[in-house]
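Participant: Below you'll find input.cif; it's mmCIF, C-alpha atoms.
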data_run
#
loop_
_atom_site.label_atom_id
_atom_site.label_comp_id
_atom_site.auth_asym_id
_atom_site.auth_seq_id
_atom_site.Cartn_x
_atom_site.Cartn_y
_atom_site.Cartn_z
CA MET A 4 -9.31 10.76 18.55
CA ASN A 5 -11.00 8.60 15.95
CA GLN A 6 -13.20 9.07 12.93
CA ALA A 7 -16.35 6.99 13.18
CA ILE A 8 -18.34 7.84 10.05
CA THR A 9 -20.40 4.88 8.91
CA ASN A 10 -19.71 3.98 5.30
CA LEU A 11 -23.07 3.40 3.61
CA THR A 12 -21.63 2.60 0.19
CA ALA A 13 -20.33 -0.73 -1.08
CA HIS A 14 -16.72 0.38 -0.76
CA VAL A 15 -14.23 -1.39 1.49
CA PRO A 16 -14.78 -0.31 5.13
CA ARG A 17 -12.09 2.08 6.36
CA HIS A 18 -11.36 3.15 9.94
CA ALA A 19 -9.16 6.09 10.92
CA PHE A 20 -7.70 6.86 14.34
CA THR A 21 -5.44 9.72 15.41
CA THR A 22 -4.11 11.47 18.49
CA ALA A 23 -3.59 14.75 16.65
CA ASP A 24 -6.75 16.33 18.07
CA ILE A 25 -5.89 15.41 21.69
CA ALA A 26 -4.03 17.63 24.18
CA SER A 27 -0.32 16.76 23.96
CA ASN A 28 -0.04 15.55 27.56
CA LEU A 29 -2.89 13.06 26.92
CA GLN A 30 -1.76 11.78 23.52
CA ALA A 31 0.19 8.77 24.82
CA GLU A 32 -2.82 7.63 26.83
CA ALA A 33 -5.05 8.12 23.78
CA TRP A 34 -2.68 6.05 21.62
CA GLN A 35 -2.77 3.25 24.19
CA SER A 36 -6.58 3.22 23.95
CA ILE A 37 -6.38 3.00 20.15
CA VAL A 38 -3.99 0.01 20.33
CA PRO A 39 -5.15 -1.76 23.52
CA PHE A 40 -3.67 -5.17 22.61
CA LEU A 41 -0.13 -3.80 23.09
CA SER A 42 1.49 -2.09 26.04
CA ILE A 43 3.02 1.11 24.63
CA GLU A 44 5.68 3.24 26.28
CA PRO A 45 6.81 6.35 24.39
CA ARG A 46 10.53 6.95 24.02
CA ARG A 47 10.23 10.57 25.04
CA PRO A 48 8.46 12.14 28.07
CA ARG A 49 4.69 11.82 27.86
CA GLU A 50 4.11 15.49 28.55
CA LEU A 51 5.82 16.31 25.23
CA GLY A 52 3.06 14.53 23.34
CA PHE A 53 2.79 11.39 21.23
CA LEU A 54 1.53 11.75 17.67
CA GLY A 55 0.07 8.66 16.06
CA ARG A 56 -2.29 7.89 13.20
CA ILE A 57 -3.74 4.64 11.87
CA THR A 58 -5.86 4.04 8.78
CA ALA A 59 -7.18 0.47 8.75
CA TRP A 60 -9.10 -1.30 5.99
CA ASN A 61 -11.33 -4.25 6.86
CA LEU A 62 -10.97 -6.76 4.01
CA GLY A 63 -13.41 -9.25 5.51
CA SER A 64 -10.82 -11.87 6.50
CA LEU A 65 -7.81 -9.56 6.81
CA VAL A 66 -6.95 -6.09 8.05
CA LEU A 67 -4.49 -3.93 6.12
CA ALA A 68 -3.44 -0.78 7.92
CA ARG A 69 -0.98 2.07 7.73
CA ALA A 70 0.39 3.60 10.92
CA THR A 71 2.57 6.63 11.47
CA THR A 72 3.78 6.96 15.01
CA GLN A 73 6.61 8.29 17.12
CA ALA A 74 9.30 6.16 18.72
CA SER A 75 8.14 3.73 21.40
CA ILE A 76 8.74 0.46 23.21
CA PHE A 77 5.93 -2.08 22.91
CA ALA A 78 5.09 -5.39 24.58
CA ARG A 79 2.44 -8.07 24.62
CA ASP A 80 2.41 -10.10 27.84
CA ASP A 81 0.31 -12.83 29.46
CA ARG A 82 -2.21 -10.32 30.79
CA LEU A 83 -2.94 -8.98 27.30
CA LEU A 84 -2.89 -12.46 25.76
CA ARG A 85 -5.60 -13.59 28.20
CA ALA A 86 -7.59 -10.38 27.82
CA ASP A 87 -8.25 -10.49 24.07
CA GLY A 88 -7.34 -14.02 22.93
CA PHE A 89 -5.99 -12.80 19.59
CA ASP A 90 -4.18 -15.52 17.64
CA HIS A 91 -3.35 -13.45 14.56
CA TRP A 92 -0.06 -12.75 12.87
CA THR A 93 1.01 -9.27 11.85
CA LEU A 94 3.29 -8.70 8.87
CA CYS A 95 4.98 -5.33 9.32
CA ALA A 96 6.50 -3.46 6.36
CA PRO A 97 8.04 -0.06 7.20
CA SER A 98 8.23 2.65 4.55
CA SER A 99 10.47 4.69 6.83
CA GLY A 100 11.91 4.07 10.27
CA THR A 101 12.62 0.68 11.84
CA ILE A 102 11.03 -2.05 13.95
CA VAL A 103 13.36 -3.97 16.27
CA ALA A 104 12.55 -7.37 17.74
CA ASP A 105 13.30 -8.00 21.41
CA GLY A 106 17.05 -8.00 21.98
CA GLY A 107 17.77 -6.68 18.50
CA ALA A 108 17.60 -10.14 16.90
CA ALA A 109 15.83 -8.68 13.84
CA VAL A 110 15.61 -5.13 12.54
CA ALA A 111 13.17 -4.30 9.75
CA GLY A 112 13.64 -1.06 7.84
CA ALA A 113 12.27 0.30 4.59
CA GLY A 114 11.67 -2.59 2.16
CA GLY A 115 11.79 -5.25 4.90
CA CYS A 116 8.98 -7.34 6.34
CA GLN A 117 8.90 -8.57 9.94
CA VAL A 118 6.54 -11.27 11.24
CA ARG A 119 5.00 -10.97 14.71
CA ALA A 120 2.53 -13.37 16.34
CA LEU A 121 -0.19 -11.88 18.55
CA HIS A 122 -0.64 -15.22 20.36
CA ARG A 123 2.95 -15.11 21.68
CA ASP A 124 4.75 -13.04 24.28
CA ASP A 125 6.32 -10.21 22.35
CA ARG A 126 8.56 -7.26 23.01
CA GLY A 127 10.21 -4.81 20.71
CA SER A 128 10.64 -1.18 19.79
CA ASN A 129 10.26 1.19 16.90
CA SER A 130 11.77 4.48 15.85
CA ASP A 131 9.59 7.25 14.42
CA ILE A 132 7.94 5.14 11.77
CA ASP A 133 5.59 4.94 8.81
CA VAL A 134 4.56 1.30 8.45
CA LEU A 135 2.09 -0.88 6.60
CA PHE A 136 0.94 -3.93 8.52
CA LEU A 137 -1.28 -6.82 7.55
CA VAL A 138 -3.23 -8.62 10.29
CA VAL A 139 -3.78 -12.28 9.38
CA PRO A 140 -6.15 -14.58 11.35
CA ARG A 141 -4.67 -17.97 12.15
CA ASP A 142 -7.50 -19.84 10.43
CA LEU A 143 -6.76 -18.14 7.10
CA CYS A 144 -3.35 -19.83 6.81
CA HIS A 145 -4.01 -22.79 9.10
CA PRO A 146 -2.19 -25.46 7.03
CA HIS A 147 0.95 -23.30 7.22
CA ALA A 148 0.57 -22.12 10.82
CA SER A 149 3.73 -23.83 12.06
CA GLU A 150 5.88 -22.14 9.39
CA LEU A 151 4.49 -18.72 10.25
CA ASP A 152 4.88 -19.39 14.00
CA ARG A 153 8.58 -20.14 13.47
CA LEU A 154 9.00 -16.74 11.83
CA HIS A 155 7.80 -14.83 14.90
CA GLY A 156 10.15 -11.96 15.65
CA THR A 157 12.14 -12.44 12.43
CA ASN A 158 12.33 -10.82 9.03
CA LEU A 159 11.31 -12.60 5.85
CA PRO A 160 14.30 -13.31 3.55
CA ALA A 161 15.13 -10.33 1.34
CA GLY A 162 13.71 -11.69 -1.93
CA PRO A 163 10.33 -13.00 -0.73
CA GLY A 164 10.09 -10.15 1.78
CA ARG A 165 10.52 -7.49 -0.88
CA LEU A 166 7.96 -9.22 -3.10
CA LEU A 167 5.39 -9.26 -0.30
CA VAL A 168 6.13 -5.63 0.62
CA ASP A 169 5.60 -4.53 -2.99
CA TYR A 170 2.35 -6.47 -3.06
CA LEU A 171 1.07 -4.87 0.16
CA ARG A 172 1.98 -1.37 -1.04
CA SER A 173 0.20 -1.99 -4.33
CA LEU A 174 -2.84 -3.36 -2.52
CA TYR A 175 -3.00 -0.40 -0.14
CA ARG A 176 -2.92 2.09 -3.03
CA GLN A 177 -5.78 0.30 -4.78
CA LEU A 178 -8.11 -0.16 -1.80
CA PRO A 179 -10.02 3.13 -2.32
CA LEU A 180 -10.98 1.86 -5.78
CA LEU A 181 -12.30 -1.54 -4.68
CA ASP A 182 -15.80 -2.65 -3.75
CA VAL A 183 -16.70 -5.23 -1.12
CA ASP A 184 -17.74 -7.82 -3.72
CA GLN A 185 -14.09 -7.97 -4.85
CA LEU A 186 -12.82 -8.85 -1.37
CA PRO A 187 -13.08 -12.67 -1.48
CA MET A 188 -10.87 -12.84 -4.56
CA LEU A 189 -8.47 -10.31 -3.03
CA VAL A 190 -8.22 -12.28 0.23
CA ASP A 191 -7.46 -15.48 -1.69
CA ALA A 192 -4.71 -13.75 -3.67
CA THR A 193 -3.23 -12.24 -0.50
CA ARG A 194 -3.25 -15.58 1.33
CA ASN A 195 -1.47 -17.20 -1.60
CA MET A 196 1.16 -14.43 -1.55
CA ILE A 197 1.73 -14.85 2.19
CA VAL A 198 2.18 -18.60 1.88
CA ALA A 199 4.46 -18.30 -1.17
CA CYS A 200 6.71 -15.79 0.63
CA ALA A 201 6.64 -17.28 4.15
CA ALA A 202 6.48 -21.01 3.31
CA PRO A 203 7.72 -21.25 -0.29
CA SER A 204 7.10 -24.36 -2.37
CA ARG A 205 6.44 -25.06 -6.02
CA SER A 206 2.69 -25.41 -5.52
CA ALA A 207 2.55 -22.28 -3.37
CA MET A 208 4.38 -20.29 -6.05
CA GLU A 209 2.00 -21.56 -8.72
CA GLN A 210 -1.03 -20.52 -6.67
CA ALA A 211 0.49 -17.11 -5.99
CA MET A 212 1.54 -16.47 -9.60
CA PRO A 213 -1.44 -14.22 -10.49
CA ALA A 214 -0.73 -12.05 -7.44
CA ILE A 215 3.00 -12.05 -8.20
CA GLN A 216 2.34 -10.91 -11.75
CA ALA A 217 -0.04 -8.23 -10.50
CA THR A 218 2.70 -7.00 -8.16
CA GLN A 219 5.25 -6.95 -10.98
CA ILE A 220 2.98 -4.94 -13.24
CA GLU A 221 2.20 -2.49 -10.44
CA ARG A 222 5.93 -2.01 -9.86
CA ALA A 223 6.33 -1.37 -13.57
CA LYS A 224 3.46 1.13 -13.57
CA GLN A 225 4.95 2.96 -10.60
CA PHE A 226 8.34 3.16 -12.35
CA ILE A 227 6.62 4.59 -15.43
CA ARG A 228 4.75 7.17 -13.33
CA ASP A 229 7.96 8.19 -11.59
CA ASN A 230 9.85 8.59 -14.88
CA LEU A 231 7.25 9.94 -17.31
CA LEU A 232 9.35 12.99 -18.16
CA GLN A 233 12.54 11.02 -18.77
CA PRO A 234 13.33 10.76 -22.50
CA ARG A 235 15.08 7.41 -21.93
CA LEU A 236 11.97 5.75 -20.49
CA ASP A 237 11.55 2.63 -22.63
CA THR A 238 11.37 -1.16 -22.48
CA ARG A 239 15.11 -1.45 -21.85
CA GLU A 240 14.93 0.74 -18.74
CA LEU A 241 11.89 -1.17 -17.49
CA CYS A 242 13.58 -4.54 -18.00
CA ARG A 243 16.63 -3.34 -16.06
CA TYR A 244 14.51 -2.03 -13.18
CA LEU A 245 12.29 -5.13 -12.94
CA GLY A 246 15.08 -7.63 -13.56
CA MET A 247 13.18 -9.44 -16.29
CA SER A 248 13.68 -10.23 -19.96
CA ARG A 249 12.12 -8.21 -22.77
CA SER A 250 9.82 -11.12 -23.71
CA SER A 251 8.61 -11.44 -20.10
CA LEU A 252 7.90 -7.70 -19.99
CA TYR A 253 5.93 -7.90 -23.23
CA ARG A 254 3.84 -10.78 -21.84
CA LEU A 255 3.24 -8.81 -18.64
CA PHE A 256 1.89 -5.80 -20.54
CA GLU A 257 0.04 -7.73 -23.25
CA PRO A 258 -3.37 -7.37 -21.51
CA LEU A 259 -2.79 -3.58 -21.40
CA GLY A 260 -2.07 -3.27 -25.10
CA GLY A 261 1.71 -3.37 -24.83
CA VAL A 262 4.45 -1.43 -23.08
CA ALA A 263 4.77 1.43 -25.58
CA ARG A 264 1.03 2.00 -25.67
CA TYR A 265 0.82 2.08 -21.88
CA ILE A 266 3.68 4.61 -21.58
CA ARG A 267 2.08 6.80 -24.26
CA SER A 268 -1.29 6.67 -22.49
CA ALA A 269 0.29 7.53 -19.14
CA ARG A 270 2.10 10.52 -20.66
CA LEU A 271 -1.14 11.78 -22.20
CA LEU A 272 -2.92 11.51 -18.85
CA ASP A 273 -0.08 13.42 -17.20
CA ALA A 274 -0.31 16.09 -19.91
CA HIS A 275 -4.05 16.31 -19.22
CA ARG A 276 -3.36 17.01 -15.55
CA ALA A 277 -0.91 19.76 -16.47
CA LEU A 278 -3.36 21.35 -18.92
CA SER A 279 -6.12 21.21 -16.29
CA THR A 280 -3.95 22.96 -13.69
CA ALA A 281 -4.79 26.66 -13.57
CA SER A 282 -1.32 27.63 -12.37
CA ASP A 283 0.42 25.90 -15.31
CA THR A 284 0.30 28.55 -18.05
CA ARG A 285 2.93 27.06 -20.38
CA PRO A 286 1.98 26.64 -24.03
CA VAL A 287 0.42 23.35 -25.03
CA TYR A 288 3.40 22.47 -27.21
CA ALA A 289 5.79 22.90 -24.24
CA ILE A 290 3.73 20.54 -22.07
CA ALA A 291 3.57 18.05 -24.94
CA ARG A 292 7.30 18.20 -25.68
CA GLU A 293 8.14 17.65 -22.01
CA ARG A 294 6.30 14.31 -22.29
CA GLY A 295 7.99 13.15 -25.48
CA PHE A 296 5.61 14.56 -28.12
CA ASP A 297 7.77 16.70 -30.42
CA ASP A 298 5.06 17.05 -33.08
CA PRO A 299 2.15 19.24 -31.82
CA SER A 300 -0.23 17.78 -34.40
CA GLU A 301 0.57 14.23 -33.35
CA PHE A 302 0.02 15.19 -29.70
CA SER A 303 -3.32 16.81 -30.47
CA ARG A 304 -4.56 13.77 -32.40
CA ALA A 305 -3.44 11.34 -29.71
CA PHE A 306 -4.94 13.49 -26.94
CA LYS A 307 -8.33 13.75 -28.66
CA HIS A 308 -8.35 10.03 -29.41
CA GLN A 309 -7.79 9.19 -25.74
CA PHE A 310 -10.05 11.78 -24.08
CA GLY A 311 -12.58 12.76 -26.75
CA TYR A 312 -11.68 16.45 -26.77
CA SER A 313 -8.70 18.57 -27.75
CA PRO A 314 -5.87 19.82 -25.50
CA SER A 315 -7.09 23.41 -25.91
CA GLU A 316 -10.58 22.37 -24.77
CA ALA A 317 -9.13 20.67 -21.70
CA ARG A 318 -7.27 23.87 -20.87
CA SER A 319 -10.08 26.32 -21.59
CA GLU A 320 -12.61 24.38 -19.53
CA TRP A 321 -10.13 22.99 -16.96
CA VAL A 322 -11.61 19.51 -17.36
CA PRO A 323 -10.28 17.49 -14.40
CA ALA A 324 -8.34 14.35 -15.23
CA PRO A 325 -9.90 11.07 -14.06
CA HIS A 326 -9.10 10.32 -10.42
CA PRO A 327 -10.10 7.61 -7.91
CA HIS A 328 -13.00 8.14 -5.55
CA LYS A 329 -12.34 8.02 -1.82
CA ALA A 330 -14.05 5.71 0.61
CA GLN A 331 -15.40 7.14 3.85
CA ALA A 332 -14.33 6.01 7.28
CA GLY A 333 -16.20 3.27 9.09
CA ALA A 334 -17.24 3.15 12.73
CA ALA A 335 -14.93 1.48 15.30
CA SER A 336 -13.69 2.76 18.63
CA ASN A 337 -10.18 1.26 18.39
CA LEU A 338 -7.98 -1.01 16.29
CA ALA A 339 -8.76 -4.06 18.43
CA GLU A 340 -12.40 -3.88 17.32
CA VAL A 341 -11.32 -3.85 13.67
CA ILE A 342 -9.12 -6.92 14.23
CA ARG A 343 -11.83 -8.73 16.18
CA ALA A 344 -14.19 -8.27 13.23
CA VAL A 345 -11.95 -10.52 11.09
CA SER A 346 -11.31 -13.16 13.75
#
Let's see the structure in the file written out as structure tokens.
Facilitator:
Amino acid sequence: MNQAITNLTAHVPRHAFTTADIASNLQAEAWQSIVPFLSIEPRRPRELGFLGRITAWNLGSLVLARATTQASIFARDDRLLRADGFDHWTLCAPSSGTIVADGGAAVAGAGGCQVRALHRDDRGSNSDIDVLFLVVPRDLCHPHASELDRLHGTNLPAGPGRLLVDYLRSLYRQLPLLDVDQLPMLVDATRNMIVACAAPSRSAMEQAMPAIQATQIERAKQFIRDNLLQPRLDTRELCRYLGMSRSSLYRLFEPLGGVARYIRSARLLDAHRALSTASDTRPVYAIARERGFDDPSEFSRAFKHQFGYSPSEARSEWVPAPHPHKAQAGAASNLAEVIRAVS
């Protein structure tokens, strides 16, 4: 039901829970034990099974988790409020599926962000869903508690909500690369983003600006990764996608050596992956041309400058391209224990 492998490295603690290894007629009961602070009722008959999976990262003062689960109705009543005493907020950002507040007052789908308070009575439902959610202790945003309380059961406005969702997605992708000594700075940046999006003010936006810029550059990087093979990938396309001026884009990429240099480097890394794939037997020049290098000599020089060896050497030895390490799972019996650790 859960992975409980103690992480002995300095990486961010990760906890994974699943019902996939449980008999189908017991999966709903197992899911309830994983999420004991909510009352869960599956939408379909229990004997048909209830698949659910959660990966939760303990950031020291926050929990960021991804859940995939089947459709259900959920509630948090007085009994559960008294039982655990949680006073956290959860910020829920679906990648697919929807979360519906009680009575249908707010529906959050892909790209939206819904606020729910664990210290309040709560009822709602979800479809089959893949969702990121951030668990925020009340003390972390105490000066802005009243603003967050007023948002209970509602969606953040589209602009700030989308900004926060992009930030959370970027953060989740980077967590396997982070070490615990980076967490205090990360928590500060995340708190500033929450306040800027949920209780916007000039000072809040100024404090959140580093995190906002980091989110913008991650969005730009993702767009570049998704469009590496497109001949028209250039600063104009990036500006259109990000909704910013050319000068702002140049300032954003200045620490990375500029936009053109970053795109070129990303294309070379992608070419490296293709050359290191045993099943890709195309000639080197074909792989290079697909990524915008029409001159084989130019491609070879650029490749060797970036990696220290030639394209043919990468192919002959199948040198793997650089990739992030993966953190192991930490020990916890359910999600409530992970949340309690950041209370």
Participant: Quick one: of A:Ala161, A:Ile132, A:Leu83, A:Leu151, who's nearest to A:Gly114, counting only C-alpha atoms?
Facilitator: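 Looking at the shortest contact to A:Gly114, the residue is A:Ala161.
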Participant: Rounded to one decimal place, report the atom CA of A:Val139-atom CA of A:Leu154 distance in Å.
Facilitator: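 These two atoms are separated by 13.8 Å.
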Participant: List as a Markdown table every residue of stretch 155-231 of chain A that is in contact with stretch 116-125 of chain A, defined as an atom at most 8 Å from one of its atoms (using all atoms listed in the file), together with the nearest atom pair and the distance in Å rounded to one decimal, sorted by chain and then rising number.
Facilitator:
| residue | atom | partner | partner_atom | distance |
| --- | --- | --- | --- | --- |
| A:His155 | CA | A:Arg119 | CA | 4.8 |
| A:Gly156 | CA | A:Arg119 | CA | 5.3 |
| A:Thr157 | CA | A:Gln117 | CA | 5.6 |
| A:Asn158 | CA | A:Gln117 | CA | 4.2 |
| A:Leu159 | CA | A:Cys116 | CA | 5.8 |
| A:Gly164 | CA | A:Cys116 | CA | 5.5 |
| A:Arg165 | CA | A:Cys116 | CA | 7.4 |
| A:Leu167 | CA | A:Cys116 | CA | 7.8 |
| A:Val168 | CA | A:Cys116 | CA | 6.6 |
Participant: Which of these residues is nearest to A:Pro97, using all atoms listed in the file: A:Arg79, A:Arg172, A:Arg85, A:Arg222?
Facilitator: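 Counting all atoms listed in the file, the residue closest to A:Pro97 is A:Arg172.
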Participant: My list of candidates is A:Asp191, A:Glu301, A:Asp182, A:Asp152. Which is closest to A:Ser64 when distances are computed with all atoms listed in the file?
Facilitator: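 Checking each of A:Asp191, A:Glu301, A:Asp182, A:Asp152 against A:Ser64, counting all atoms listed in the file, the winner is A:Asp191.
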Participant: Please list, as a list in words, the residues that have an atom at most 12 Å away from (2.2, -1.4, 28.1) in the coordinates of this file, counting only C-alpha atoms.
Facilitator: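 Using only C-alpha atoms, the matching residues come out as Ala31, Glu32, Trp34, Gln35, Ser36, Val38, Pro39, Phe40, Leu41, Ser42, Ile43, Glu44, Pro45, Ser75, Ile76, Phe77, Ala78, Arg79, Asp80, Asp81, Arg82, Leu83, Asp125, Arg126, Gly127 and Ser128 of chain A.
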Participant: Rounded to one decimal in Å, what is the spacing between atom CA of A:Ala199 and atom CA of A:Gly260?
Facilitator: 29.0 Å
Participant: Counting only C-alpha atoms, note down every residue that has an atom within 6 Å of the point (-0.1, 5.3, 9.0) (file coordinates), as a list in words.
Facilitator: Arg56, Ile57, Thr58, Arg69, Ala70, Thr71 and Asp133 of chain A
Participant: Using only C-alpha atoms, find the one residue out of A:Gly100, A:Gly107, A:Gly162, A:Gly88 that sits nearest to A:Pro140.
Facilitator: A:Gly88
Participant: Apply the PyMOL selection byres ((chain A and resi 233-247) around 10) to the file shown and report the selected residues as a list in words.
Facilitator: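 The output of the PyMOL selection byres ((chain A and resi 233-247) around 10) on this file is Gln219, Ile220, Arg222, Ala223, Lys224, Phe226, Ile227, Asp229, Asn230, Leu231, Leu232, Ser248, Arg249, Ser250, Ser251, Leu252, Tyr253, Val262, Ala263, Ile266, Glu293, Arg294 and Gly295 of chain A.
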Participant: Give the centre and edge lengths of an axis-aligned box, in Å to one decimal, that holds all listed atoms of stretch 17-23 of chain A with 4 Å on each side, as JSON.
Facilitator:
{"center_x": -7.8, "center_y": 8.4, "center_z": 12.4, "size_x": 16.5, "size_y": 20.7, "size_z": 20.1}
Participant: Grab the atom CA of A:Gln30 to atom CA of A:Phe53 distance for me, in Å with one decimal place.
Facilitator: 5.1 Å
